[in-house]
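Participant: My questions all concern the structure below.
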Amino acid sequence: MTPFLLLTARTLRRSRADLAFAVLTPIFGVVGLTLLLRGVIATGQMIYAQYVLPAIVVQAMLFGAFTTTDRAAWEKISGLSSRMRTLPISPYLPLGARMAYCVVRGVLALVAAILAAYFLGFRLDGGFGYSVAFISLSLTLTMALSLGADATGSKIGRTEVASQLLLIPQLLLVVLSTGLAPVDAFPSWLHSFVRYQPISQITETLRGFTVGQVEAGNLGASVAWCAGLLLVFGTLAVRLQGRTS
Amino acid sequence: MIELINVAKTFGGQSPALNDVSFSVPTGSVCALLGHNGAGKTTTVKILSTLLKPTSGRAIVAGYDVAKEAVQVRRSIGVTGQEAALDLRMTGRENLVLFGRLRGLRRKDAVRRADELIEQFDMGHAADRQVSGYSGGMRRRIDIAVSLTIVPKVLFLDEPTTGLDPRSRRDVWNLVSSMKAQGITVLLTTQYLEEADILSDSIVILNAGQIVASGTADELKRQTGSSYCEMTPLNADDLPRIATALADFEEVEVDTDATTVAVPAPQGVATLTEVFRRMDQLGVELIDISLRRPSLDEVFLHLTNTNSVATK
């Protein structure tokens with residue numbers, strides 16, 4: 001086994017609780033929100049499970065990414081990352097393994113969310129191409145944010161604050177998006193924020209992928225956000241790992 | 001072996017953490033780097049273990065330049081830092097196997113090597129428990145064992161006994177001695193002079209990023225002041241008589257609390273013999289007489305004080 005696989009396997013093994021959490025949270029999310037809100041929020045022709053699934057996925061991708069902060073911070077303060085650097089392996093491998101973990105976690109959350117929603121009537125109606133696009137965009141999002149979270153953890157090196165710090169803004173962004181309810185459900189002075197903030201853009205795009213119909217401007221905005229974050233956070237995270245001053 | 005040639009390290013705009021440090025450690029010997037907190041010990045270890053690049057100068061470890069041939073250096077070294085750098089959620093054995101495999105051992109070999117180390121480090125009872133439940137001494141032991149999954153040419157131990165109880169400290173001392181027996185070159189840092197004195201073949205004393213003295217423990221002791229001849233009479237009333245009998249010595253120090261008289265002994269044993277002869281003539285009964293050389297503590301305090309005075 002290569003060092004990369006070894007380190008990834010180690011992260012998976014020591015994070016079994018987090019993986020269980022990764023699977024259960026979206027299931028509870030899909031089932032709970034659908035049962036609670038399906039008669040309350042008007043989503044037009046679309047059944048609520050179909051409507052809300054992208055938001056559950058985005059939430060799961062965000063949350064998965066934030067768990068990286070603790071892992072990165074812990075590796076730094078425990079001295080493990082220093083020790084790894086004295087080994088004859090690439091200094092970027094531990095970061096690579098943490099990212100691989102995030103992708104695995106993301107895939108598990110995606111599968112769990114889709115399966116749970118399937119029983120409530122959700123369908124991937126867009127065909128193979130759109131389904132691949134759905135999965136790719138979701139995983140790119142979690143990857144981009146994980147890199148940001150990793151950079152934060154590696155830089156701060158404190159476990160307790162880092163991830164909680166990011167929870168509130170992300171929760172606000174999800175609630176104030178078109179993920180759980182269409183824009184008409186919000187007061188009019190919030191409309192433009194709700195419509196154009198990135199979480200809304202991305203959930204709209206994902207929703208489009210599930211039915212096989214995406215608006216070009218919306219897709220462009222989502223791809224730009226994901227690619228931009230990937231580039232910025234990726235550069236930061238990689239730079240932090242390579243540093244030997 | 002280890003060799004530093006005019007190594008300097010400056011962080012940002014601060015005063016240098018290391019300034020023109022040169023010393024070498026021959027293959028198979030133990031060198032102790034001695035100094036207060038902030039003296040530059042850890043910085044030196046970090047440079048030698050490729051974690052930091054020197055600002056100037058050259059450092060050679062096991063024949064490779066740490067700045068230019070970092071990968072080769074990493075293949076040749078084991079490093080145990082101040083904190084136990086282990087995966088606390090894994091067992092001791094799992095840590096050993098993981099690091100063995102990261103160093104390129106195949107699974108079977110890594111498992112066998114872990115078994116050997118568990119036996120050698122006497123950790124059979126704890127090997128399959130999570131490291132998070134280990135005592136400080138156990139963590140340190142497994143931490144050192146992890147550095148030995150592949151027998152390194154050079155082993156760095158950064159304050160290996162800091163925070164350990166006396167028994168665990170002695171365990172680590174025994175381990176270091178066994179490293180030496182295996183022909184591993186060891187560089188350890190310590191704040192304890194006793195430790196440096198017992199374990200090392202050579203000592204380098206750092207203060208404020210500079211070497212203030214180096215040599216064997218004996219050489220360092222010889223560098224500061226001369227030896228003393230100290231005697232303790234059975235009867236405290238004899239102290240003035242002794243002092244009178246030794247009045248021709250350069251300095252006679254009478255300590256009535258400890259019931260001792262001390263005189264400088266520049267000629268060592270010859271002085272001792274002379275003092276002993278006079279006591280015999282005087283008919284004073286002694287319960288102790290000894291040649292006392294300055295302890296490493298005194299050497300260290302002497303050297304670091306002079307240095308800080310000199311820099312002011």
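A note on labels: chains of the structure tokens are A, B, ... as shown, every chain counts residues from 1, and ligands are counted from 1 in their shown order.
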Only residues of chain A matter here; which ones have an atom within 7 Å of chain B, counting only C-alpha atoms? Give them as an MDAnalysis selection string.
Facilitator: chainID A and resid 3 14 78:80 83 85:88 244:245
Participant: I want to know what sits within 9 Å of segment 212-220 of chain B, based on only C-alpha atoms, with residues of the same chain fewer than 5 positions away left out; could you give that as a list in words?
Facilitator: Phe23, Ala196, Asp197, Ile198, Ser200, Asp201, Ser202, Ile203, Val204, Ile205, Leu206, Asn207, Leu296, Val299, Phe300, Leu303, Thr304 and Asn307 of chain B
Participant: Which residues are near Thr178 of chain A? Cut-off 12 Å, only C-alpha atoms, ignore same chain within fewer than 3 positions. Put them as a ChimeraX atom specification.
Facilitator: /A:41,43,51-56,58,173-175,181-186,190-207
Participant: If DSSP is run on the backbone, what residues of segment 39-283 of chain B are alpha helix (DSSP H)? A reply as a PyMOL selection string would be ideal.
Facilitator: chain B and resi 41-48+70-76+92-102+107-120+136-146+166-181+193-199+217-223+239-245+269-282
Participant: Just the number, please: distance in Å from atom CA of Gly157 of chain A to atom CA of Pro94 of chain A, one decimal.
Facilitator: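 Atom CA of Pro94 of chain A lies 15.1 Å from atom CA of Gly157 of chain A.
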